[in-house]
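Student: I'm passing along work-v1.pdb; it holds PDB, C-alpha atoms.
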ATOM      1  CA  MET A   9       0.000   0.000   0.000
ATOM      2  CA  GLU A  10       1.320   3.426  -0.995
ATOM      3  CA  ILE A  11       0.964   6.383   1.359
ATOM      4  CA  LEU A  12       0.954   9.948   0.035
ATOM      5  CA  GLY A  13       1.028  13.054   2.205
ATOM      6  CA  VAL A  14      -0.274  16.426   0.985
ATOM      7  CA  GLU A  15      -0.495  19.698   2.865
ATOM      8  CA  LEU A  16      -3.719  20.717   1.100
ATOM      9  CA  PRO A  17      -6.385  18.487  -0.488
ATOM     10  CA  GLY A  18      -5.486  18.094  -4.163
ATOM     11  CA  GLY A  19      -1.990  19.429  -3.578
ATOM     12  CA  THR A  20       1.358  18.050  -4.672
ATOM     13  CA  PRO A  21       2.594  15.230  -2.412
ATOM     14  CA  VAL A  22       5.277  16.241   0.088
ATOM     15  CA  LEU A  23       5.556  12.717   1.487
ATOM     16  CA  SER A  24       5.483   9.318  -0.221
ATOM     17  CA  PHE A  25       6.299   5.817   1.006
ATOM     18  CA  THR A  26       5.292   2.187   0.700
ATOM     19  CA  LEU A  27       3.915   0.888   3.987
ATOM     20  CA  GLY A  28       6.219  -1.917   5.080
ATOM     21  CA  HIS A  29       5.312  -4.956   7.131
ATOM     22  CA  GLY A  30       4.504  -3.949  10.698
ATOM     23  CA  GLU A  31       4.715  -0.214  10.043
ATOM     24  CA  ASP A  32       2.204   2.352  11.322
ATOM     25  CA  PRO A  33       1.588   5.122   8.728
ATOM     26  CA  TYR A  34       1.167   7.766  11.436
ATOM     27  CA  GLN A  35       4.522   6.836  12.978
ATOM     28  CA  VAL A  36       6.324   6.730   9.612
ATOM     29  CA  ALA A  37       4.905  10.151   8.707
ATOM     30  CA  TRP A  38       5.981  11.615  12.073
ATOM     31  CA  GLU A  39       9.498  10.242  11.742
ATOM     32  CA  SER A  40       9.597  11.769   8.245
ATOM     33  CA  GLY A  41       8.858  15.202   9.746
ATOM     34  CA  TYR A  42       5.073  15.388   9.293
ATOM     35  CA  ARG A  43       2.028  15.264  11.534
ATOM     36  CA  VAL A  44      -1.087  13.608  10.079
ATOM     37  CA  LEU A  45      -4.106  15.901  10.276
ATOM     38  CA  ARG A  46      -6.621  13.521   8.720
ATOM     39  CA  PRO A  47      -6.989  10.847   6.058
ATOM     40  CA  LEU A  48      -8.337  12.187   2.763
ATOM     41  CA  SER A  49      -8.894   9.272   0.399
ATOM     42  CA  ALA A  50      -8.217   5.642  -0.463
ATOM     43  CA  ALA A  51      -8.028   4.962  -4.201
ATOM     44  CA  GLY A  52      -7.464   1.874  -6.305
ATOM     45  CA  THR A  53      -7.870  -1.829  -5.646
ATOM     46  CA  VAL A  54      -6.048  -4.007  -3.156
ATOM     47  CA  GLU A  55      -3.297  -4.606  -5.714
ATOM     48  CA  ASP A  56      -2.486  -0.893  -6.200
ATOM     49  CA  LEU A  57      -4.067   0.847  -3.227
ATOM     50  CA  THR A  58      -3.022   4.439  -2.494
ATOM     51  CA  VAL A  59      -4.024   6.243   0.698
ATOM     52  CA  THR A  60      -3.683  10.021   0.801
ATOM     53  CA  LEU A  61      -3.251  11.827   4.124
ATOM     54  CA  GLN A  62      -3.352  15.521   4.885
ATOM     55  CA  VAL A  63      -0.138  16.385   6.726
ATOM     56  CA  LEU A  64       1.753  19.363   8.090
ATOM     57  CA  PRO A  65       5.427  19.699   9.047
ATOM     58  CA  HIS A  66       5.722  19.361  12.828
ATOM     59  CA  ARG A  67       9.244  20.888  13.023
ATOM     60  CA  ARG A  68      10.120  18.910  16.136
ATOM     61  CA  PRO A  69      13.141  16.744  16.888
ATOM     62  CA  VAL A  70      12.542  13.150  15.819
ATOM     63  CA  THR A  71      13.742  10.132  17.757
ATOM     64  CA  PRO A  72      13.039   6.976  15.729
ATOM     65  CA  ARG A  73      11.015   4.549  17.838
ATOM     66  CA  GLY A  74      11.755   1.503  15.731
ATOM     67  CA  PRO A  75       9.128  -1.032  14.599
ATOM     68  CA  GLN A  76       5.565  -0.936  15.856
ATOM     69  CA  ARG A  77       5.055  -2.964  19.034
ATOM     70  CA  VAL A  78       4.285  -6.611  18.306
ATOM     71  CA  ARG A  79       1.682  -8.330  20.456
ATOM     72  CA  THR A  80       1.274 -12.070  20.820
ATOM     73  CA  THR A  81      -1.874 -14.151  21.193
ATOM     74  CA  LEU A  82       0.052 -17.398  21.654
ATOM     75  CA  ARG A  83      -0.367 -19.349  24.860
ATOM     76  CA  PRO A  84       2.429 -18.912  27.462
ATOM     77  CA  GLY A  85       5.185 -21.389  26.716
ATOM     78  CA  GLU A  86       3.708 -22.401  23.367
ATOM     79  CA  VAL A  87       6.451 -23.535  20.979
ATOM     80  CA  VAL A  88       5.962 -22.717  17.301
ATOM     81  CA  GLY A  89       8.082 -22.680  14.172
ATOM     82  CA  ARG A  90       8.771 -19.665  12.006
ATOM     83  CA  PRO A  91       5.491 -17.696  11.652
ATOM     84  CA  VAL A  92       4.094 -16.991   8.205
ATOM     85  CA  VAL A  93       4.561 -13.271   7.474
ATOM     86  CA  ARG A  94       1.315 -11.700   6.271
ATOM     87  CA  GLN A  95       0.129  -8.139   5.723
ATOM     88  CA  ARG A  96      -3.646  -7.918   5.304
ATOM     89  CA  LEU A  97      -5.416  -4.865   3.916
ATOM     90  CA  ALA A  98      -8.975  -4.619   5.195
ATOM     91  CA  ALA A  99     -11.822  -2.119   5.323
ATOM     92  CA  TYR A 100     -14.277  -1.494   8.153
ATOM     93  CA  ALA A 101     -17.147   0.875   8.824
ATOM     94  CA  LEU A 102     -18.467   2.878  11.722
ATOM     95  CA  VAL A 103     -22.112   2.520  10.684
ATOM     96  CA  VAL A 104     -24.743   4.677  12.378
ATOM     97  CA  SER A 105     -28.518   4.789  12.155
ATOM     98  CA  GLU A 106     -31.461   5.941  14.240
ATOM     99  CA  ARG A 107     -30.821   2.776  16.291
ATOM    100  CA  GLY A 108     -27.198   3.663  17.125
ATOM    101  CA  VAL A 109     -23.877   2.085  16.097
ATOM    102  CA  LEU A 110     -23.630  -1.261  14.295
ATOM    103  CA  ALA A 111     -21.489  -3.887  16.066
ATOM    104  CA  THR A 112     -20.442  -7.445  15.217
ATOM    105  CA  GLU A 113     -19.551 -10.231  17.637
ATOM    106  CA  PHE A 114     -16.454 -12.340  16.985
ATOM    107  CA  SER A 115     -17.053 -16.072  16.617
ATOM    108  CA  ASP A 116     -15.105 -18.930  18.175
ATOM    109  CA  ARG A 117     -13.026 -19.112  14.978
ATOM    110  CA  THR A 118     -11.163 -16.025  16.220
ATOM    111  CA  ALA A 119      -8.821 -15.356  19.136
ATOM    112  CA  VAL A 120     -11.419 -13.095  20.798
ATOM    113  CA  PRO A 121     -14.754 -14.979  20.775
ATOM    114  CA  GLY A 122     -17.567 -13.053  22.434
ATOM    115  CA  MET A 123     -15.869  -9.682  21.968
ATOM    116  CA  TRP A 124     -17.363  -7.029  19.698
ATOM    117  CA  GLY A 125     -15.983  -4.940  16.836
ATOM    118  CA  LEU A 126     -16.974  -2.901  13.814
ATOM    119  CA  PRO A 127     -18.219  -4.721  10.684
ATOM    120  CA  GLY A 128     -15.761  -5.235   7.850
ATOM    121  CA  GLY A 129     -13.058  -7.526   6.557
ATOM    122  CA  GLY A 130     -10.328  -8.222   4.055
ATOM    123  CA  ILE A 131     -10.259  -6.526   0.657
ATOM    124  CA  ASP A 132     -10.677  -9.137  -2.090
ATOM    125  CA  PRO A 133      -8.513  -9.190  -5.243
ATOM    126  CA  GLY A 134      -9.676  -6.525  -7.705
ATOM    127  CA  GLU A 135     -11.871  -4.877  -5.073
ATOM    128  CA  ASN A 136     -11.701  -1.303  -3.826
ATOM    129  CA  PRO A 137     -12.079  -0.712  -0.060
ATOM    130  CA  ALA A 138     -15.415   1.134  -0.293
ATOM    131  CA  SER A 139     -16.951  -1.859  -2.082
ATOM    132  CA  THR A 140     -15.420  -4.147   0.551
ATOM    133  CA  VAL A 141     -17.178  -2.240   3.324
ATOM    134  CA  GLN A 142     -20.589  -2.479   1.664
ATOM    135  CA  ARG A 143     -20.140  -6.195   0.906
ATOM    136  CA  GLU A 144     -18.862  -7.109   4.362
ATOM    137  CA  VAL A 145     -21.524  -5.127   6.213
ATOM    138  CA  PHE A 146     -24.242  -6.973   4.291
ATOM    139  CA  GLU A 147     -22.596 -10.384   4.732
ATOM    140  CA  GLU A 148     -22.088  -9.879   8.462
ATOM    141  CA  THR A 149     -25.278  -8.020   9.402
ATOM    142  CA  GLY A 150     -27.685  -7.826   6.442
ATOM    143  CA  GLN A 151     -27.636  -4.003   6.424
ATOM    144  CA  GLU A 152     -27.456  -1.802   3.332
ATOM    145  CA  ILE A 153     -25.360   1.304   3.906
ATOM    146  CA  GLU A 154     -24.237   4.562   2.332
ATOM    147  CA  ILE A 155     -20.589   5.478   2.855
ATOM    148  CA  THR A 156     -20.211   9.102   3.951
ATOM    149  CA  GLN A 157     -16.516   9.601   4.744
ATOM    150  CA  PHE A 158     -13.070   8.012   4.742
ATOM    151  CA  LEU A 159     -12.387   8.243   8.445
ATOM    152  CA  ASP A 160      -9.096   6.712   9.575
ATOM    153  CA  VAL A 161      -6.263   4.246   9.024
ATOM    154  CA  GLN A 162      -5.372   1.789  11.765
ATOM    155  CA  SER A 163      -2.355  -0.499  11.996
ATOM    156  CA  ASP A 164      -1.979  -3.496  14.317
ATOM    157  CA  HIS A 165       0.813  -6.083  14.485
ATOM    158  CA  TRP A 166       0.789  -9.394  16.321
ATOM    159  CA  ILE A 167       1.899 -13.021  16.232
ATOM    160  CA  GLY A 168      -0.789 -15.640  16.713
ATOM    161  CA  HIS A 169      -3.035 -18.273  15.182
ATOM    162  CA  SER A 170      -5.130 -17.442  12.128
ATOM    163  CA  PRO A 171      -8.726 -18.791  11.936
ATOM    164  CA  SER A 172      -7.283 -21.766  10.002
ATOM    165  CA  GLY A 173      -4.788 -22.492  12.793
ATOM    166  CA  VAL A 174      -1.649 -21.281  11.002
ATOM    167  CA  VAL A 175       0.731 -19.247  13.170
ATOM    168  CA  GLU A 176       1.238 -15.869  11.487
ATOM    169  CA  ASP A 177       3.344 -12.766  11.947
ATOM    170  CA  PHE A 178       0.294 -10.699  11.100
ATOM    171  CA  HIS A 179       0.140  -7.026  10.156
ATOM    172  CA  ALA A 180      -3.428  -5.740   9.955
ATOM    173  CA  VAL A 181      -3.926  -2.491   8.055
ATOM    174  CA  ARG A 182      -7.511  -1.288   8.447
ATOM    175  CA  LEU A 183      -9.117   1.460   6.390
ATOM    176  CA  ILE A 184     -12.007   2.881   8.378
ATOM    177  CA  TYR A 185     -15.080   4.518   6.837
ATOM    178  CA  ALA A 186     -18.068   6.323   8.293
ATOM    179  CA  ALA A 187     -21.397   5.113   6.909
ATOM    180  CA  ARG A 188     -25.101   5.609   7.482
ATOM    181  CA  CYS A 189     -27.956   3.144   7.360
ATOM    182  CA  ASP A 190     -31.304   4.799   6.641
ATOM    183  CA  GLN A 191     -33.367   1.603   6.965
ATOM    184  CA  PRO A 192     -31.850  -0.318   9.879
ATOM    185  CA  ARG A 193     -33.043  -3.880  10.394
ATOM    186  CA  ASP A 194     -32.381  -6.466  13.059
ATOM    187  CA  PRO A 195     -28.905  -7.763  12.157
ATOM    188  CA  VAL A 196     -28.698 -11.146  10.419
ATOM    189  CA  VAL A 197     -25.395 -12.933   9.739
ATOM    190  CA  HIS A 198     -25.415 -14.204   6.145
ATOM    191  CA  ASP A 199     -21.795 -15.424   6.210
ATOM    192  CA  VAL A 200     -22.597 -18.329   8.534
ATOM    193  CA  GLY A 201     -19.593 -20.237   9.855
ATOM    194  CA  GLY A 202     -17.196 -17.315   9.444
ATOM    195  CA  THR A 203     -15.597 -14.996  11.973
ATOM    196  CA  THR A 204     -18.869 -13.193  12.831
ATOM    197  CA  ALA A 205     -21.240 -14.807  15.320
ATOM    198  CA  ALA A 206     -23.887 -12.081  15.655
ATOM    199  CA  GLY A 207     -24.622  -8.393  15.203
ATOM    200  CA  GLN A 208     -26.422  -5.713  17.164
ATOM    201  CA  TRP A 209     -27.311  -2.045  17.086
ATOM    202  CA  VAL A 210     -25.796  -0.285  20.101
ATOM    203  CA  SER A 211     -27.530   2.909  21.224
ATOM    204  CA  ALA A 212     -25.315   5.922  21.859
ATOM    205  CA  ASP A 213     -25.807   5.700  25.624
ATOM    206  CA  ARG A 214     -24.676   2.047  25.696
ATOM    207  CA  ILE A 215     -21.464   2.286  23.663
ATOM    208  CA  ARG A 216     -19.225   2.184  26.737
ATOM    209  CA  ASP A 217     -21.017  -0.878  28.098
ATOM    210  CA  VAL A 218     -20.071  -3.180  25.192
ATOM    211  CA  ALA A 219     -17.049  -5.511  25.351
ATOM    212  CA  TRP A 220     -15.245  -3.991  22.359
ATOM    213  CA  ILE A 221     -11.864  -5.160  21.165
ATOM    214  CA  ASN A 222      -9.202  -2.532  21.810
ATOM    215  CA  GLY A 223      -8.972  -1.264  18.231
ATOM    216  CA  SER A 224     -12.709  -0.713  17.909
ATOM    217  CA  ARG A 225     -12.946   0.915  21.330
ATOM    218  CA  ALA A 226     -10.181   3.357  20.330
ATOM    219  CA  LEU A 227     -11.910   4.203  17.037
ATOM    220  CA  LEU A 228     -15.256   4.726  18.733
ATOM    221  CA  GLY A 229     -13.700   6.957  21.366
ATOM    222  CA  LYS A 230     -12.064   9.022  18.640
ATOM    223  CA  HIS A 231     -14.891   9.232  16.093
ATOM    224  CA  SER A 232     -18.325   8.034  17.298
ATOM    225  CA  HIS A 233     -19.458  11.343  18.816
ATOM    226  CA  ASP A 234     -18.814  13.313  15.622
ATOM    227  CA  VAL A 235     -20.244  10.639  13.306
ATOM    228  CA  LEU A 236     -23.433  10.305  15.371
ATOM    229  CA  ARG A 237     -23.798  14.085  15.605
ATOM    230  CA  THR A 238     -23.401  14.483  11.835
ATOM    231  CA  PHE A 239     -26.013  11.784  11.233
ATOM    232  CA  SER A 240     -28.448  13.453  13.613
ATOM    233  CA  ARG A 241     -27.989  16.849  11.954
ATOM    234  CA  ARG A 242     -28.623  15.416   8.475
ATOM    235  CA  ARG A 243     -31.794  13.680   9.659
ATOM    236  CA  THR A 244     -33.221  16.917  11.053
ATOM    237  CA  ALA A 245     -32.066  19.197   8.223
TER     238      ALA A 245
END
Could you rewrite the structure in this file as structure tokens?

Tutor:
Amino acid sequence: MEILGVELPGGTPVLSFTLGHGEDPYQVAWESGYRVLRPLSAAGTVEDLTVTLQVLPHRRPVTPRGPQRVRTTLRPGEVVGRPVVRQRLAAYALVVSERGVLATEFSDRTAVPGMWGLPGGGIDPGENPASTVQREVFEETGQEIEITQFLDVQSDHWIGHSPSGVVEDFHAVRLIYAARCDQPRDPVVHDVGGTTAAGQWVSADRIRDVAWINGSRALLGKHSHDVLRTFSRRRTA
């Protein structure tokens, strides 16, 4: 995945790099002398994906922090061979409706069964991330959505078992979108037997009560208030 940094939307790139395995784009940008203001766009398919960020020079001393911290989900004392190195590009959505925020429960095929996250998944060959979001949201919850904004980029790096049991050195790069659902229904999982066990609409006053995975909790803390407020304003306009 290519990362471009521009100081103004539509401007000439002042920063350009290929996101390496285990790298966080925000950290790479900072160590290159730039602070990320906000993501602007994600263009192309998974094979040639380019993410553009709005950046500004931070003009501060830079101390390289080295690679992103690697977590492990292996059992204590578990002995494994050399992990399979894998970088996965995926797209997720913070979907809001009059019923609240859409959440999906992880199945027992994952390392976090019973925990909750935002709907989404891996970008298929030839697919752009916006199409991935719409497909995954329908497969996991049966909802039809309208994407409203490219919201964030999230990077996570760990070593653990994949759903198939293979031990992987896994770098998850998640493109996060805001989306609205104007005709919310009770969630139904169409992709039965996958990594999603169930779905639910979570009202705004219950968001903190849900057992979110860390990445989703961080995204909700950062973005849910503004996304819900924007949705409410558009409904009453």

Student: Around the point (-15.3, -2.2, -4.4) in the file's coordinates, collect all residues with an atom within 12 Å, using all atoms listed in the file, and return them as a list in words.

Tutor: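 Every polymer residue passing the test: Ala50, Ala51, Gly52, Thr53, Val54, Leu57, Ala98, Ala99, Gly130, Ile131, Asp132, Pro133, Gly134, Glu135, Asn136, Pro137, Ala138, Ser139, Thr140, Val141, Gln142, Arg143, Glu144 and Ile155 of chain A.
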
Student: Write out the residues from the selection above, keeping C-alpha atoms, as a short mmCIF file (atom, residue, chain, number, x, y, z; two decimals), in the coordinates of the input.

Tutor:
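Final output, saved to result-v1.cif:
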data_model
loop_
_atom_site.label_atom_id
_atom_site.label_comp_id
_atom_site.auth_asym_id
_atom_site.auth_seq_id
_atom_site.Cartn_x
_atom_site.Cartn_y
_atom_site.Cartn_z
CA ALA A 50 -8.22 5.64 -0.46
CA ALA A 51 -8.03 4.96 -4.20
CA GLY A 52 -7.46 1.87 -6.30
CA THR A 53 -7.87 -1.83 -5.65
CA VAL A 54 -6.05 -4.01 -3.16
CA LEU A 57 -4.07 0.85 -3.23
CA ALA A 98 -8.98 -4.62 5.20
CA ALA A 99 -11.82 -2.12 5.32
CA GLY A 130 -10.33 -8.22 4.06
CA ILE A 131 -10.26 -6.53 0.66
CA ASP A 132 -10.68 -9.14 -2.09
CA PRO A 133 -8.51 -9.19 -5.24
CA GLY A 134 -9.68 -6.52 -7.70
CA GLU A 135 -11.87 -4.88 -5.07
CA ASN A 136 -11.70 -1.30 -3.83
CA PRO A 137 -12.08 -0.71 -0.06
CA ALA A 138 -15.42 1.13 -0.29
CA SER A 139 -16.95 -1.86 -2.08
CA THR A 140 -15.42 -4.15 0.55
CA VAL A 141 -17.18 -2.24 3.32
CA GLN A 142 -20.59 -2.48 1.66
CA ARG A 143 -20.14 -6.20 0.91
CA GLU A 144 -18.86 -7.11 4.36
CA ILE A 155 -20.59 5.48 2.86
#

Student: For a test of reading the model, state the distance in Å between atom CA of A:His169 and atom CA of A:Trp124, rounded to one decimal.

Tutor: 18.8 Å

Student: Could you tell me how far atom CA of A:Pro33 sits from atom CA of A:His179, in Å to one decimal place?

Tutor: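 So the two atoms, atom CA of A:His179 and atom CA of A:Pro33, lie 12.3 Å apart.
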
Student: Write out as a list in words each polymer residue whose atoms come within 6 Å of stretch 207-216 of chain A, counting all atoms listed in the file; drop sequence neighbours fewer than 6 positions from it.

Tutor: Arg107, Gly108, Val109, Leu110, Ala111, Thr112, Glu113, Thr149 and Pro195 of chain A

Student: Tell me, in Å to one decimal, how far atom CA of A:Val22 is from atom CA of A:Gln157.

Tutor: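 Pair atom CA of A:Val22 / atom CA of A:Gln157 returns 23.3 Å.
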
Student: For A:Val36, list every protein, DNA or RNA residue within 10 Å, evaluated using all atoms listed in the file, and leave out those in the same chain fewer than 3 positions away; present the list as a ChimeraX atom specification.

Tutor: /A:11,25,27-28,31-33,39-43,72-76

Student: Between A:Gly13, A:Pro192, A:Gly173, A:Pro121, single out the one closest to A:Pro91, counting all atoms listed in the file.

Tutor: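 The shortest atom-to-atom distance to A:Pro91 comes from A:Gly173.
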
Student: Would you place a box with edges along x, y and z of the file around all atoms of stretch 123-138 of chain A listed there, add 6 Å to each of its six sides, and report the centre and edge lengths in Å to one decimal, as lines of an AutoDock Vina configuration file?

Tutor:
center_x = -13.4
center_y = -4.3
center_z = 7.1
size_x = 21.7
size_y = 22.8
size_z = 41.7

Student: What do you get, as an MDAnalysis selection string, if you spell out every residue that the PyMOL selection byres ((chain A and resi 162) around 6) selects here?

Tutor: chainID A and resid 161 163 181:182

Student: Please identify all polymer residues within 10 Å of A:Arg117, counting all atoms listed in the file, omitting same-chain residues fewer than 4 positions from it, and present them as a PyMOL selection string.

Tutor: chain A and resi 121+170-173+201-205

Student: Could you check the closest approach to A:Val14 for each of A:Gly30, A:Gln35, A:Phe178, A:Pro65 and tell me which residue wins, using only C-alpha atoms?

Tutor: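 Smallest distance to A:Val14 is found for A:Pro65.
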
Student: Pick out the residues sitting within 8 Å of A:Leu12, and hand them over as JSON, numbers by chain; count all atoms listed in the file, and ignore anything fewer than 6 positions along from it in its own chain.

Tutor: {"A": [21, 22, 23, 24, 25, 58, 59, 60, 61]}

Student: List the residues selected by the PyMOL selection byres ((chain A and resi 79-90) around 9) in the file shown, writing them as a compact mmCIF listing (two decimals) with C-alpha atoms, keeping the file's coordinate frame.

Tutor:
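Final output, selection_5.txt:
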# COMPACT_ATOMS: atom_id res chain seq x y z
CA ARG A 77 5.06 -2.96 19.03
CA VAL A 78 4.28 -6.61 18.31
CA PRO A 91 5.49 -17.70 11.65
CA VAL A 92 4.09 -16.99 8.20
CA VAL A 93 4.56 -13.27 7.47
CA ALA A 119 -8.82 -15.36 19.14
CA ASP A 164 -1.98 -3.50 14.32
CA HIS A 165 0.81 -6.08 14.48
CA TRP A 166 0.79 -9.39 16.32
CA ILE A 167 1.90 -13.02 16.23
CA GLY A 168 -0.79 -15.64 16.71
CA HIS A 169 -3.04 -18.27 15.18
CA VAL A 175 0.73 -19.25 13.17
CA GLU A 176 1.24 -15.87 11.49
CA ASP A 177 3.34 -12.77 11.95

Student: Go through A:Asp56, A:Glu106, A:Arg96, A:Leu126 and flag the residue nearest A:Val218, using all atoms listed in the file for the distances.

Tutor: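 Of A:Asp56, A:Glu106, A:Arg96, A:Leu126, the one nearest A:Val218, counting all atoms listed in the file, is A:Leu126.
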
Student: Hey, what's within 8 Å of stretch 236-245 of chain A if we count all atoms listed in the file and toss same-chain stuff fewer than 2 positions away? As a list in words, please?

Tutor: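 The filter keeps Val104, Ser105, Gly108, Arg188, Ser232, His233 and Asp234 of chain A.
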
Student: Taking all atoms listed in the file into account, name the residue in A:His198, A:Asp160, A:Arg94, A:Tyr100 that is nearest to A:Val44.

Tutor: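 Looking at the shortest contact to A:Val44, the residue is A:Asp160.
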
Student: Ranking A:Met9, A:Val174, A:Leu183, A:Leu159 by minimum distance to A:Leu48 and counting only C-alpha atoms, which one comes first?

Tutor: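 Answer, going by the shortest atom-to-atom distance: A:Leu159.
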
Student: Measuring atom to atom with only C-alpha atoms, identify which of A:Ala206, A:Asp190, A:Val120, A:Gln151 is nearest to A:Ile221.

Tutor: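 Residue with the minimum atom-to-atom distance to A:Ile221: A:Val120.
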